[in-house]
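File shown: start.pdb. Contents: PDB, C-alpha atoms and all ligand atoms.
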```pdb
MODEL        1
ATOM      1  CA  MET A 180       0.000   0.000   0.000  1.00  0.00           C
ATOM      2  CA  ASP A 181       1.082   3.559  -0.657  1.00  0.00           C
ATOM      3  CA  GLU A 182       1.843   4.769   2.823  1.00  0.00           C
ATOM      4  CA  GLY A 183       2.060   8.383   1.689  1.00  0.00           C
ATOM      5  CA  VAL A 184      -1.637   8.505   0.908  1.00  0.00           C
ATOM      6  CA  LEU A 185      -3.352   6.499   3.612  1.00  0.00           C
ATOM      7  CA  PRO A 186      -3.296   7.715   7.240  1.00  0.00           C
ATOM      8  CA  PRO A 187      -0.644   5.709   9.179  1.00  0.00           C
ATOM      9  CA  LYS A 188      -3.125   4.921  11.964  1.00  0.00           C
ATOM     10  CA  LEU A 189      -5.530   3.468   9.391  1.00  0.00           C
ATOM     11  CA  LEU A 190      -2.712   1.306   7.994  1.00  0.00           C
ATOM     12  CA  THR A 191      -1.889   0.092  11.516  1.00  0.00           C
ATOM     13  CA  ARG A 192      -5.485  -1.004  12.055  1.00  0.00           C
ATOM     14  CA  LEU A 193      -5.584  -2.733   8.659  1.00  0.00           C
ATOM     15  CA  SER A 194      -2.388  -4.703   9.371  1.00  0.00           C
ATOM     16  CA  LYS A 195      -3.751  -5.665  12.768  1.00  0.00           C
ATOM     17  CA  ALA A 196      -6.924  -6.918  11.050  1.00  0.00           C
ATOM     18  CA  ALA A 197      -4.842  -8.968   8.604  1.00  0.00           C
ATOM     19  CA  ASP A 198      -2.759 -10.431  11.467  1.00  0.00           C
ATOM     20  CA  LEU A 199      -5.877 -11.412  13.403  1.00  0.00           C
ATOM     21  CA  VAL A 200      -7.314 -13.256  10.391  1.00  0.00           C
ATOM     22  CA  ARG A 201      -4.002 -15.066   9.783  1.00  0.00           C
ATOM     23  CA  GLY A 202      -4.412 -16.639  13.222  1.00  0.00           C
ATOM     24  CA  HIS A 203      -7.607 -18.491  12.240  1.00  0.00           C
ATOM     25  CA  ASP A 204      -8.531 -21.314   9.849  1.00  0.00           C
ATOM     26  CA  PHE A 205     -12.229 -20.386   9.807  1.00  0.00           C
ATOM     27  CA  ILE A 206     -13.692 -16.902   9.638  1.00  0.00           C
ATOM     28  CA  GLN A 207     -17.357 -15.963   9.882  1.00  0.00           C
ATOM     29  CA  VAL A 208     -18.188 -12.895   7.771  1.00  0.00           C
ATOM     30  CA  PHE A 209     -21.266 -10.769   8.430  1.00  0.00           C
ATOM     31  CA  SER A 210     -22.262  -8.075   5.978  1.00  0.00           C
ATOM     32  CA  HIS A 211     -25.054  -5.827   4.816  1.00  0.00           C
ATOM     33  CA  TYR A 212     -27.625  -7.000   2.274  1.00  0.00           C
ATOM     34  CA  ASP A 213     -27.149  -4.164  -0.220  1.00  0.00           C
ATOM     35  CA  ALA A 214     -24.859  -3.466  -3.176  1.00  0.00           C
ATOM     36  CA  ASP A 215     -22.044  -2.122  -0.982  1.00  0.00           C
ATOM     37  CA  GLY A 216     -22.373  -4.833   1.670  1.00  0.00           C
ATOM     38  CA  ILE A 217     -22.459  -7.645  -0.882  1.00  0.00           C
ATOM     39  CA  SER A 218     -19.420  -6.187  -2.704  1.00  0.00           C
ATOM     40  CA  ALA A 219     -17.589  -5.900   0.635  1.00  0.00           C
ATOM     41  CA  ALA A 220     -18.460  -9.510   1.540  1.00  0.00           C
ATOM     42  CA  ALA A 221     -17.368 -10.699  -1.922  1.00  0.00           C
ATOM     43  CA  ILE A 222     -13.989  -8.964  -1.535  1.00  0.00           C
ATOM     44  CA  VAL A 223     -13.373 -10.452   1.924  1.00  0.00           C
ATOM     45  CA  ALA A 224     -14.581 -13.905   0.804  1.00  0.00           C
ATOM     46  CA  LYS A 225     -12.282 -13.888  -2.244  1.00  0.00           C
ATOM     47  CA  ALA A 226      -9.315 -12.698  -0.167  1.00  0.00           C
ATOM     48  CA  LEU A 227      -9.934 -15.455   2.421  1.00  0.00           C
ATOM     49  CA  LEU A 228     -10.346 -18.074  -0.306  1.00  0.00           C
ATOM     50  CA  ARG A 229      -7.038 -17.022  -1.871  1.00  0.00           C
ATOM     51  CA  ASP A 230      -5.421 -17.125   1.560  1.00  0.00           C
ATOM     52  CA  GLY A 231      -6.569 -20.733   1.992  1.00  0.00           C
ATOM     53  CA  ARG A 232      -8.990 -20.011   4.828  1.00  0.00           C
ATOM     54  CA  ASP A 233     -12.479 -21.435   5.300  1.00  0.00           C
ATOM     55  CA  PHE A 234     -15.279 -18.971   5.786  1.00  0.00           C
ATOM     56  CA  ARG A 235     -19.020 -18.485   5.836  1.00  0.00           C
ATOM     57  CA  VAL A 236     -20.797 -15.283   4.774  1.00  0.00           C
ATOM     58  CA  THR A 237     -24.076 -14.190   6.371  1.00  0.00           C
ATOM     59  CA  LEU A 238     -25.937 -11.087   5.154  1.00  0.00           C
ATOM     60  CA  PHE A 239     -28.305  -8.994   7.257  1.00  0.00           C
ATOM     61  CA  THR A 240     -30.797  -6.431   5.950  1.00  0.00           C
ATOM     62  CA  THR A 241     -30.009  -4.381   9.043  1.00  0.00           C
ATOM     63  CA  LEU A 242     -27.897  -4.638  12.179  1.00  0.00           C
ATOM     64  CA  ASP A 243     -30.256  -4.602  15.143  1.00  0.00           C
ATOM     65  CA  ASP A 244     -30.613  -6.399  18.460  1.00  0.00           C
ATOM     66  CA  ASP A 245     -31.899  -9.542  16.699  1.00  0.00           C
ATOM     67  CA  SER A 246     -28.987  -9.765  14.253  1.00  0.00           C
ATOM     68  CA  MET A 247     -26.580  -8.915  17.108  1.00  0.00           C
ATOM     69  CA  SER A 248     -27.845 -11.957  19.010  1.00  0.00           C
ATOM     70  CA  VAL A 249     -27.243 -14.121  15.908  1.00  0.00           C
ATOM     71  CA  ILE A 250     -23.685 -12.717  15.806  1.00  0.00           C
ATOM     72  CA  ARG A 251     -23.183 -13.284  19.539  1.00  0.00           C
ATOM     73  CA  ASP A 252     -24.354 -16.904  19.171  1.00  0.00           C
ATOM     74  CA  THR A 253     -21.945 -17.703  16.334  1.00  0.00           C
ATOM     75  CA  ASP A 254     -19.461 -20.429  17.226  1.00  0.00           C
ATOM     76  CA  ALA A 255     -16.594 -18.910  15.195  1.00  0.00           C
ATOM     77  CA  ASP A 256     -13.392 -17.764  16.911  1.00  0.00           C
ATOM     78  CA  CYS A 257     -12.966 -14.930  14.430  1.00  0.00           C
ATOM     79  CA  ILE A 258     -15.622 -12.741  12.845  1.00  0.00           C
ATOM     80  CA  VAL A 259     -15.299 -10.047  10.208  1.00  0.00           C
ATOM     81  CA  VAL A 260     -18.147  -7.528   9.952  1.00  0.00           C
ATOM     82  CA  THR A 261     -18.337  -5.386   6.806  1.00  0.00           C
ATOM     83  CA  ASP A 262     -20.523  -2.382   5.955  1.00  0.00           C
ATOM     84  CA  LEU A 263     -22.158  -2.741   9.379  1.00  0.00           C
ATOM     85  CA  GLY A 264     -21.133  -2.412  12.992  1.00  0.00           C
ATOM     86  CA  ALA A 265     -20.486   1.264  13.801  1.00  0.00           C
ATOM     87  CA  SER A 266     -23.604   1.495  15.961  1.00  0.00           C
ATOM     88  CA  TYR A 267     -22.745  -1.644  17.973  1.00  0.00           C
ATOM     89  CA  ILE A 268     -19.028  -1.206  18.683  1.00  0.00           C
ATOM     90  CA  LYS A 269     -19.459  -1.483  22.469  1.00  0.00           C
ATOM     91  CA  GLU A 270     -21.338  -4.782  22.026  1.00  0.00           C
ATOM     92  CA  PHE A 271     -18.612  -6.132  19.718  1.00  0.00           C
ATOM     93  CA  ASP A 272     -15.982  -5.033  22.251  1.00  0.00           C
ATOM     94  CA  ALA A 273     -17.733  -7.190  24.853  1.00  0.00           C
ATOM     95  CA  MET A 274     -17.506 -10.371  22.730  1.00  0.00           C
ATOM     96  CA  ALA A 275     -14.869 -12.980  23.547  1.00  0.00           C
ATOM     97  CA  CYS A 276     -13.790 -13.908  20.002  1.00  0.00           C
ATOM     98  CA  ASP A 277     -11.533 -11.977  17.615  1.00  0.00           C
ATOM     99  CA  VAL A 278     -13.648  -9.303  15.917  1.00  0.00           C
ATOM    100  CA  ILE A 279     -12.800  -7.096  12.947  1.00  0.00           C
ATOM    101  CA  VAL A 280     -15.300  -4.399  11.965  1.00  0.00           C
ATOM    102  CA  LEU A 281     -14.771  -2.750   8.559  1.00  0.00           C
ATOM    103  CA  ASP A 282     -17.465  -0.089   8.395  1.00  0.00           C
ATOM    104  CA  HIS A 283     -17.976   3.451   7.104  1.00  0.00           C
ATOM    105  CA  HIS A 284     -21.131   4.524   8.910  1.00  0.00           C
ATOM    106  CA  THR A 285     -21.034   7.399  11.382  1.00  0.00           C
ATOM    107  CA  VAL A 286     -18.864   6.609  14.360  1.00  0.00           C
ATOM    108  CA  ILE A 287     -20.480   6.663  17.766  1.00  0.00           C
ATOM    109  CA  ASP A 288     -17.610   5.098  19.730  1.00  0.00           C
ATOM    110  CA  ASP A 289     -14.117   3.911  18.920  1.00  0.00           C
ATOM    111  CA  ALA A 290     -13.357   0.338  19.921  1.00  0.00           C
ATOM    112  CA  GLU A 291     -11.215  -0.533  22.927  1.00  0.00           C
ATOM    113  CA  ARG A 292     -10.523  -4.227  22.333  1.00  0.00           C
ATOM    114  CA  ILE A 293     -11.610  -5.279  18.865  1.00  0.00           C
ATOM    115  CA  CYS A 294     -10.071  -4.204  15.557  1.00  0.00           C
ATOM    116  CA  TYR A 295     -12.226  -1.411  14.162  1.00  0.00           C
ATOM    117  CA  VAL A 296     -11.574   0.263  10.806  1.00  0.00           C
ATOM    118  CA  ASN A 297     -13.684   3.248   9.726  1.00  0.00           C
ATOM    119  CA  PRO A 298     -12.731   6.365   7.702  1.00  0.00           C
ATOM    120  CA  HIS A 299     -14.502   8.571  10.286  1.00  0.00           C
ATOM    121  CA  LEU A 300     -11.810   7.579  12.822  1.00  0.00           C
ATOM    122  CA  HIS A 301      -9.187   9.213  10.580  1.00  0.00           C
ATOM    123  CA  GLY A 302     -10.851  12.525   9.764  1.00  0.00           C
ATOM    124  CA  MET A 303     -12.587  11.338   6.608  1.00  0.00           C
ATOM    125  CA  ASP A 304     -16.307  11.413   5.898  1.00  0.00           C
ATOM    126  CA  GLY A 305     -17.326   7.784   5.461  1.00  0.00           C
ATOM    127  CA  MET A 306     -20.513   8.831   3.710  1.00  0.00           C
ATOM    128  CA  VAL A 307     -18.524   9.897   0.633  1.00  0.00           C
ATOM    129  CA  ALA A 308     -14.801   9.145   1.093  1.00  0.00           C
ATOM    130  CA  GLY A 309     -14.935   5.371   1.463  1.00  0.00           C
ATOM    131  CA  CYS A 310     -17.705   2.782   1.715  1.00  0.00           C
ATOM    132  CA  GLY A 311     -17.947  -0.741   3.101  1.00  0.00           C
ATOM    133  CA  ALA A 312     -16.424  -2.182  -0.069  1.00  0.00           C
ATOM    134  CA  THR A 313     -13.563   0.379   0.117  1.00  0.00           C
ATOM    135  CA  MET A 314     -12.736  -0.707   3.670  1.00  0.00           C
ATOM    136  CA  ALA A 315     -13.059  -4.416   2.774  1.00  0.00           C
ATOM    137  CA  PHE A 316     -10.740  -3.845  -0.165  1.00  0.00           C
ATOM    138  CA  LEU A 317      -8.111  -2.053   1.971  1.00  0.00           C
ATOM    139  CA  PHE A 318      -8.268  -5.028   4.332  1.00  0.00           C
ATOM    140  CA  ALA A 319      -7.850  -7.445   1.372  1.00  0.00           C
ATOM    141  CA  ILE A 320      -4.666  -5.722   0.171  1.00  0.00           C
ATOM    142  CA  ALA A 321      -3.358  -5.553   3.747  1.00  0.00           C
ATOM    143  CA  LEU A 322      -3.762  -9.338   3.749  1.00  0.00           C
ATOM    144  CA  ASP A 323      -2.074  -9.683   0.357  1.00  0.00           C
ATOM    145  CA  GLU A 324      -1.012  -7.071  -2.212  1.00  0.00           C
ATOM    146  CA  GLY A 325      -1.985  -9.645  -4.859  1.00  0.00           C
ATOM    147  CA  ASN A 326      -5.599  -8.732  -4.148  1.00  0.00           C
ATOM    148  CA  TRP A 327      -5.373  -5.409  -6.031  1.00  0.00           C
ATOM    149  CA  ASP A 328      -7.509  -6.863  -8.832  1.00  0.00           C
ATOM    150  CA  LEU A 329     -10.454  -6.883  -6.391  1.00  0.00           C
ATOM    151  CA  VAL A 330     -10.534  -3.076  -6.777  1.00  0.00           C
ATOM    152  CA  GLN A 331     -12.994  -3.795  -9.601  1.00  0.00           C
ATOM    153  CA  VAL A 332     -15.424  -5.306  -7.102  1.00  0.00           C
ATOM    154  CA  ALA A 333     -14.785  -2.375  -4.749  1.00  0.00           C
ATOM    155  CA  PHE A 334     -16.035  -0.018  -7.446  1.00  0.00           C
ATOM    156  CA  ALA A 335     -19.299  -1.978  -7.686  1.00  0.00           C
ATOM    157  CA  GLY A 336     -19.755  -1.156  -3.992  1.00  0.00           C
ATOM    158  CA  ILE A 337     -18.637   2.475  -4.374  1.00  0.00           C
ATOM    159  CA  ALA A 338     -21.149   3.027  -7.208  1.00  0.00           C
ATOM    160  CA  GLY A 339     -23.804   1.001  -5.369  1.00  0.00           C
ATOM    161  CA  ASP A 340     -23.403   3.227  -2.316  1.00  0.00           C
ATOM    162  CA  ARG A 341     -23.646   6.321  -4.591  1.00  0.00           C
ATOM    163  CA  GLN A 342     -20.216   7.562  -3.446  1.00  0.00           C
ATOM    164  CA  HIS A 343     -19.244   8.492  -7.019  1.00  0.00           C
ATOM    165  CA  VAL A 344     -22.165  10.861  -7.613  1.00  0.00           C
ATOM    166  CA  ASN A 345     -20.398  14.143  -6.775  1.00  0.00           C
ATOM    167  CA  GLY A 346     -16.958  12.883  -7.785  1.00  0.00           C
ATOM    168  CA  LEU A 347     -14.684  10.526  -5.872  1.00  0.00           C
ATOM    169  CA  THR A 348     -12.999  11.743  -2.682  1.00  0.00           C
ATOM    170  CA  GLY A 349     -10.694  10.432   0.031  1.00  0.00           C
ATOM    171  CA  LEU A 350      -9.912   6.729   0.029  1.00  0.00           C
ATOM    172  CA  ASN A 351     -11.907   6.159  -3.162  1.00  0.00           C
ATOM    173  CA  VAL A 352      -9.513   8.453  -5.084  1.00  0.00           C
ATOM    174  CA  HIS A 353      -6.612   6.293  -3.873  1.00  0.00           C
ATOM    175  CA  LEU A 354      -8.405   3.162  -5.139  1.00  0.00           C
ATOM    176  CA  LEU A 355      -9.083   4.765  -8.527  1.00  0.00           C
ATOM    177  CA  GLU A 356      -5.562   6.154  -9.061  1.00  0.00           C
ATOM    178  CA  GLU A 357      -3.753   3.005  -7.959  1.00  0.00           C
ATOM    179  CA  GLY A 358      -6.300   0.766  -9.707  1.00  0.00           C
ATOM    180  CA  VAL A 359      -5.672   2.599 -12.987  1.00  0.00           C
ATOM    181  CA  ASP A 360      -1.869   2.568 -12.488  1.00  0.00           C
ATOM    182  CA  ARG A 361      -1.946  -1.162 -11.826  1.00  0.00           C
ATOM    183  CA  GLY A 362      -4.068  -1.829 -14.925  1.00  0.00           C
ATOM    184  CA  HIS A 363      -7.182  -3.062 -13.121  1.00  0.00           C
ATOM    185  CA  LEU A 364      -9.365  -0.020 -13.827  1.00  0.00           C
ATOM    186  CA  GLU A 365      -9.933   2.250 -16.773  1.00  0.00           C
ATOM    187  CA  ALA A 366     -11.260   5.795 -16.375  1.00  0.00           C
ATOM    188  CA  ALA A 367     -13.654   6.742 -19.174  1.00  0.00           C
ATOM    189  CA  GLU A 368     -15.222  10.081 -20.000  1.00  0.00           C
ATOM    190  CA  GLY A 369     -18.963  10.250 -20.393  1.00  0.00           C
ATOM    191  CA  SER A 370     -22.268   9.897 -18.670  1.00  0.00           C
ATOM    192  CA  LEU A 371     -23.404   7.104 -16.392  1.00  0.00           C
ATOM    193  CA  ILE A 372     -26.806   7.348 -18.082  1.00  0.00           C
ATOM    194  CA  PRO A 373     -26.919   4.469 -20.540  1.00  0.00           C
ATOM    195  CA  PRO A 374     -26.902   5.354 -24.235  1.00  0.00           C
ATOM    196  CA  GLY A 375     -30.191   5.233 -26.124  1.00  0.00           C
ATOM    197  CA  GLY A 376     -33.444   7.113 -26.339  1.00  0.00           C
ATOM    198  CA  LEU A 377     -35.816   8.213 -23.614  1.00  0.00           C
ATOM    199  CA  ARG A 378     -37.983   5.112 -24.076  1.00  0.00           C
ATOM    200  CA  ASP A 379     -35.109   2.681 -23.439  1.00  0.00           C
ATOM    201  CA  ASN A 380     -33.795   4.752 -20.548  1.00  0.00           C
ATOM    202  CA  LEU A 381     -37.172   4.811 -18.834  1.00  0.00           C
ATOM    203  CA  LEU A 382     -37.538   1.075 -19.404  1.00  0.00           C
ATOM    204  CA  THR A 383     -34.132   0.102 -18.026  1.00  0.00           C
ATOM    205  CA  SER A 384     -33.691   2.710 -15.290  1.00  0.00           C
ATOM    206  CA  SER A 385     -33.277   1.502 -11.735  1.00  0.00           C
ATOM    207  CA  GLU A 386     -32.011   4.923 -10.594  1.00  0.00           C
ATOM    208  CA  PRO A 387     -34.567   6.377 -10.299  1.00  0.00           C
ATOM    209  CA  TYR A 388     -36.842   3.366 -10.211  1.00  0.00           C
ATOM    210  CA  ILE A 389     -40.315   4.551 -11.260  1.00  0.00           C
ATOM    211  CA  SER A 390     -43.000   2.145 -10.155  1.00  0.00           C
ATOM    212  CA  GLY A 391     -45.262   1.169 -13.074  1.00  0.00           C
ATOM    213  CA  VAL A 392     -42.750   2.557 -15.597  1.00  0.00           C
ATOM    214  CA  SER A 393     -39.284   1.061 -14.984  1.00  0.00           C
ATOM    215  CA  GLY A 394     -39.168  -2.409 -16.521  1.00  0.00           C
ATOM    216  CA  ASP A 395     -42.727  -2.038 -17.836  1.00  0.00           C
ATOM    217  CA  GLU A 396     -43.004  -1.424 -21.585  1.00  0.00           C
ATOM    218  CA  ALA A 397     -46.725  -0.547 -21.483  1.00  0.00           C
ATOM    219  CA  GLY A 398     -46.083   1.802 -18.546  1.00  0.00           C
ATOM    220  CA  VAL A 399     -43.305   3.571 -20.466  1.00  0.00           C
ATOM    221  CA  LEU A 400     -45.551   4.049 -23.514  1.00  0.00           C
ATOM    222  CA  ALA A 401     -48.391   5.352 -21.331  1.00  0.00           C
ATOM    223  CA  LEU A 402     -46.078   7.860 -19.626  1.00  0.00           C
ATOM    224  CA  LEU A 403     -44.658   9.068 -22.959  1.00  0.00           C
ATOM    225  CA  ALA A 404     -48.193   9.431 -24.369  1.00  0.00           C
ATOM    226  CA  GLU A 405     -49.309  11.350 -21.258  1.00  0.00           C
ATOM    227  CA  ALA A 406     -46.335  13.693 -21.612  1.00  0.00           C
ATOM    228  CA  GLY A 407     -47.060  14.151 -25.330  1.00  0.00           C
ATOM    229  CA  ALA A 408     -43.609  12.750 -26.127  1.00  0.00           C
ATOM    230  CA  ASP A 409     -42.656  10.749 -29.193  1.00  0.00           C
ATOM    231  CA  PRO A 410     -43.484   7.093 -28.352  1.00  0.00           C
ATOM    232  CA  ALA A 411     -40.318   6.111 -30.228  1.00  0.00           C
ATOM    233  CA  GLY A 412     -38.635   7.959 -27.375  1.00  0.00           C
ATOM    234  CA  SER A 413     -35.870   9.465 -29.411  1.00  0.00           C
TER
HETATM  235 MN    MN A 501     -22.385   0.982   2.709  1.00  0.00          MN
ENDMDL
END
```

Spell out the structure here as structure tokens.
Ligand SMILES: [Mn+2]
Amino acid sequence: MDEGVLPPKLLTRLSKAADLVRGHDFIQVFSHYDADGISAAAIVAKALLRDGRDFRVTLFTTLDDDSMSVIRDTDADCIVVTDLGASYIKEFDAMACDVIVLDHHTVIDDAERICYVNPHLHGMDGMVAGCGATMAFLFAIALDEGNWDLVQVAFAGIAGDRQHVNGLTGLNVHLLEEGVDRGHLEAAEGSLIPPGGLRDNLLTSSEPYISGVSGDEAGVLALLAEAGADPAGS
């Protein structure tokens, strides 16, 4: 990793996370059931697979008292939590097993015992400067520099968490620049709106998703007719 770009204290936490994982044959991964959480889990799973470790991934739609009791009841000696955890740091600190939390949500408390990695702890806004997949990716390259190719998966999470919308900042810029330099990413000019006419864009859009229009050909035609637009949608 380029130590000139990433805060040294962040790097220390990432190496500690990698060391903790190296001490276990089996790791239980918990992550968030959204684009960022699934990308983060995929990055950690791939890194563990490459490192020859067994693992299981469990996704939660939200981290609440119910999912915390599932986590507490897990029989694993090492758990990795991605894209979740910031609101339950004290509870994770009280667990007996090795815990690594790689999150980007607003920090309430710093951890005392467990290994906690979050951009907010290093003066960066985790809402825009690094998402769950960013943190999972930084962990993956702390485990092995050979994991730089997983930066492609990290960008699925960054886009899924809408962190690219106003331009990349913070840790995400580091991922882009290094990813391009290392030949894993390509920066292209242009719009994220897919090419094609209005009709196709309305039909295929999931952002925004318009109920009764998106994915619904008859709905698209009805909307275009209502708006007095050309049904060919050009
Ligand atoms: Mn996220």

Problem set entry | Top pick for closest residue to ligand MN 501 (chain A), considering A:Ala214, A:Ala226, A:Leu381, A:Ala265 and counting all atoms listed in the file |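 Distance minimum relative to ligand MN 501 (chain A) lands on A:Ala214.
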
Test item: residues at most 12 Å from stretch 354-362 of chain A, only C-alpha atoms, excluding those fewer than 2 positions along its chain, as a PDB file with C-alpha atoms, keeping the file's coordinate frame:
```
ATOM      1  CA  MET A 180       0.000   0.000   0.000  1.00  0.00           C
ATOM      2  CA  ASP A 181       1.082   3.559  -0.657  1.00  0.00           C
ATOM      3  CA  VAL A 184      -1.637   8.505   0.908  1.00  0.00           C
ATOM      4  CA  LEU A 185      -3.352   6.499   3.612  1.00  0.00           C
ATOM      5  CA  ALA A 308     -14.801   9.145   1.093  1.00  0.00           C
ATOM      6  CA  GLY A 309     -14.935   5.371   1.463  1.00  0.00           C
ATOM      7  CA  CYS A 310     -17.705   2.782   1.715  1.00  0.00           C
ATOM      8  CA  ALA A 312     -16.424  -2.182  -0.069  1.00  0.00           C
ATOM      9  CA  THR A 313     -13.563   0.379   0.117  1.00  0.00           C
ATOM     10  CA  MET A 314     -12.736  -0.707   3.670  1.00  0.00           C
ATOM     11  CA  ALA A 315     -13.059  -4.416   2.774  1.00  0.00           C
ATOM     12  CA  PHE A 316     -10.740  -3.845  -0.165  1.00  0.00           C
ATOM     13  CA  LEU A 317      -8.111  -2.053   1.971  1.00  0.00           C
ATOM     14  CA  ILE A 320      -4.666  -5.722   0.171  1.00  0.00           C
ATOM     15  CA  GLU A 324      -1.012  -7.071  -2.212  1.00  0.00           C
ATOM     16  CA  GLY A 325      -1.985  -9.645  -4.859  1.00  0.00           C
ATOM     17  CA  ASN A 326      -5.599  -8.732  -4.148  1.00  0.00           C
ATOM     18  CA  TRP A 327      -5.373  -5.409  -6.031  1.00  0.00           C
ATOM     19  CA  ASP A 328      -7.509  -6.863  -8.832  1.00  0.00           C
ATOM     20  CA  LEU A 329     -10.454  -6.883  -6.391  1.00  0.00           C
ATOM     21  CA  VAL A 330     -10.534  -3.076  -6.777  1.00  0.00           C
ATOM     22  CA  GLN A 331     -12.994  -3.795  -9.601  1.00  0.00           C
ATOM     23  CA  VAL A 332     -15.424  -5.306  -7.102  1.00  0.00           C
ATOM     24  CA  ALA A 333     -14.785  -2.375  -4.749  1.00  0.00           C
ATOM     25  CA  PHE A 334     -16.035  -0.018  -7.446  1.00  0.00           C
ATOM     26  CA  ILE A 337     -18.637   2.475  -4.374  1.00  0.00           C
ATOM     27  CA  HIS A 343     -19.244   8.492  -7.019  1.00  0.00           C
ATOM     28  CA  GLY A 346     -16.958  12.883  -7.785  1.00  0.00           C
ATOM     29  CA  LEU A 347     -14.684  10.526  -5.872  1.00  0.00           C
ATOM     30  CA  THR A 348     -12.999  11.743  -2.682  1.00  0.00           C
ATOM     31  CA  GLY A 349     -10.694  10.432   0.031  1.00  0.00           C
ATOM     32  CA  LEU A 350      -9.912   6.729   0.029  1.00  0.00           C
ATOM     33  CA  ASN A 351     -11.907   6.159  -3.162  1.00  0.00           C
ATOM     34  CA  VAL A 352      -9.513   8.453  -5.084  1.00  0.00           C
ATOM     35  CA  LEU A 364      -9.365  -0.020 -13.827  1.00  0.00           C
ATOM     36  CA  GLU A 365      -9.933   2.250 -16.773  1.00  0.00           C
ATOM     37  CA  ALA A 366     -11.260   5.795 -16.375  1.00  0.00           C
ATOM     38  CA  ALA A 367     -13.654   6.742 -19.174  1.00  0.00           C
TER      39      ALA A 367
END
```

Exercise. Ligand MN 501 (chain A): which residues are within 8 Å, counting all atoms listed in the file, as a PyMOL selection string?
Worked result: chain A and resi 211+213-216+262-263+282-284+310-312+336+340

Exercise. If you apply the PyMOL selection byres (((chain A and resi 378-380) around 10) and not hetatm) to this file, what residues do you get, as a PyMOL selection string?
Worked result: chain A and resi 372-377+381-385+393-394+396+399-400+402-403+408-413

Protein, DNA and RNA residues within 8 Å of (-28.2, -6.6, 4.8), all atoms listed in the file, as a PDB file with C-alpha atoms, in the frame of the given file:
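So point05.pdb came out as:
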```
ATOM      1  CA  SER A 210     -22.262  -8.075   5.978  1.00  0.00           C
ATOM      2  CA  HIS A 211     -25.054  -5.827   4.816  1.00  0.00           C
ATOM      3  CA  TYR A 212     -27.625  -7.000   2.274  1.00  0.00           C
ATOM      4  CA  ASP A 213     -27.149  -4.164  -0.220  1.00  0.00           C
ATOM      5  CA  GLY A 216     -22.373  -4.833   1.670  1.00  0.00           C
ATOM      6  CA  LEU A 238     -25.937 -11.087   5.154  1.00  0.00           C
ATOM      7  CA  PHE A 239     -28.305  -8.994   7.257  1.00  0.00           C
ATOM      8  CA  THR A 240     -30.797  -6.431   5.950  1.00  0.00           C
ATOM      9  CA  THR A 241     -30.009  -4.381   9.043  1.00  0.00           C
ATOM     10  CA  LEU A 242     -27.897  -4.638  12.179  1.00  0.00           C
TER      11      LEU A 242
END
```

For this session: On this file, the PyMOL selection byres (((chain A and resi 296) around 12) and not hetatm) gives some set of residues; write that set as a ChimeraX atom specification.
Result: /A:186,188-197,259-265,268,278-286,288-290,293-295,297-301,303,305,309-311,313-318

Selection file, C-alpha atoms, as a tab-separated table (two decimals), in the frame of the given file:
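Okay, this is what ended up in out.tsv:
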```
chain	number	residue	atom	x	y	z
A	186	PRO	CA	-3.30	7.72	7.24
A	188	LYS	CA	-3.12	4.92	11.96
A	189	LEU	CA	-5.53	3.47	9.39
A	190	LEU	CA	-2.71	1.31	7.99
A	191	THR	CA	-1.89	0.09	11.52
A	192	ARG	CA	-5.48	-1.00	12.06
A	193	LEU	CA	-5.58	-2.73	8.66
A	194	SER	CA	-2.39	-4.70	9.37
A	195	LYS	CA	-3.75	-5.66	12.77
A	196	ALA	CA	-6.92	-6.92	11.05
A	197	ALA	CA	-4.84	-8.97	8.60
A	259	VAL	CA	-15.30	-10.05	10.21
A	260	VAL	CA	-18.15	-7.53	9.95
A	261	THR	CA	-18.34	-5.39	6.81
A	262	ASP	CA	-20.52	-2.38	5.96
A	263	LEU	CA	-22.16	-2.74	9.38
A	264	GLY	CA	-21.13	-2.41	12.99
A	265	ALA	CA	-20.49	1.26	13.80
A	268	ILE	CA	-19.03	-1.21	18.68
A	278	VAL	CA	-13.65	-9.30	15.92
A	279	ILE	CA	-12.80	-7.10	12.95
A	280	VAL	CA	-15.30	-4.40	11.96
A	281	LEU	CA	-14.77	-2.75	8.56
A	282	ASP	CA	-17.46	-0.09	8.40
A	283	HIS	CA	-17.98	3.45	7.10
A	284	HIS	CA	-21.13	4.52	8.91
A	285	THR	CA	-21.03	7.40	11.38
A	286	VAL	CA	-18.86	6.61	14.36
A	288	ASP	CA	-17.61	5.10	19.73
A	289	ASP	CA	-14.12	3.91	18.92
A	290	ALA	CA	-13.36	0.34	19.92
A	293	ILE	CA	-11.61	-5.28	18.86
A	294	CYS	CA	-10.07	-4.20	15.56
A	295	TYR	CA	-12.23	-1.41	14.16
A	297	ASN	CA	-13.68	3.25	9.73
A	298	PRO	CA	-12.73	6.36	7.70
A	299	HIS	CA	-14.50	8.57	10.29
A	300	LEU	CA	-11.81	7.58	12.82
A	301	HIS	CA	-9.19	9.21	10.58
A	303	MET	CA	-12.59	11.34	6.61
A	305	GLY	CA	-17.33	7.78	5.46
A	309	GLY	CA	-14.94	5.37	1.46
A	310	CYS	CA	-17.70	2.78	1.72
A	311	GLY	CA	-17.95	-0.74	3.10
A	313	THR	CA	-13.56	0.38	0.12
A	314	MET	CA	-12.74	-0.71	3.67
A	315	ALA	CA	-13.06	-4.42	2.77
A	316	PHE	CA	-10.74	-3.84	-0.16
A	317	LEU	CA	-8.11	-2.05	1.97
A	318	PHE	CA	-8.27	-5.03	4.33
```

For this session: Have a look at atom CA of A:Glu291 and atom CA of A:Asp198 and let me know their distance in Å, one decimal.
Result: 17.3 Å

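Rounded to one decimal, atom CA of A:Arg201 and atom CA of A:Glu270 lie 23.6 Å from each other.
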
For this session: Apply the PyMOL selection byres (((chain A and resi 233) around 8) and not hetatm) to the structure shown and report the selected residues as a list in words.
Result: Asp204, Phe205, Ile206, Leu227, Leu228, Gly231, Arg232, Phe234 and Arg235 of chain A
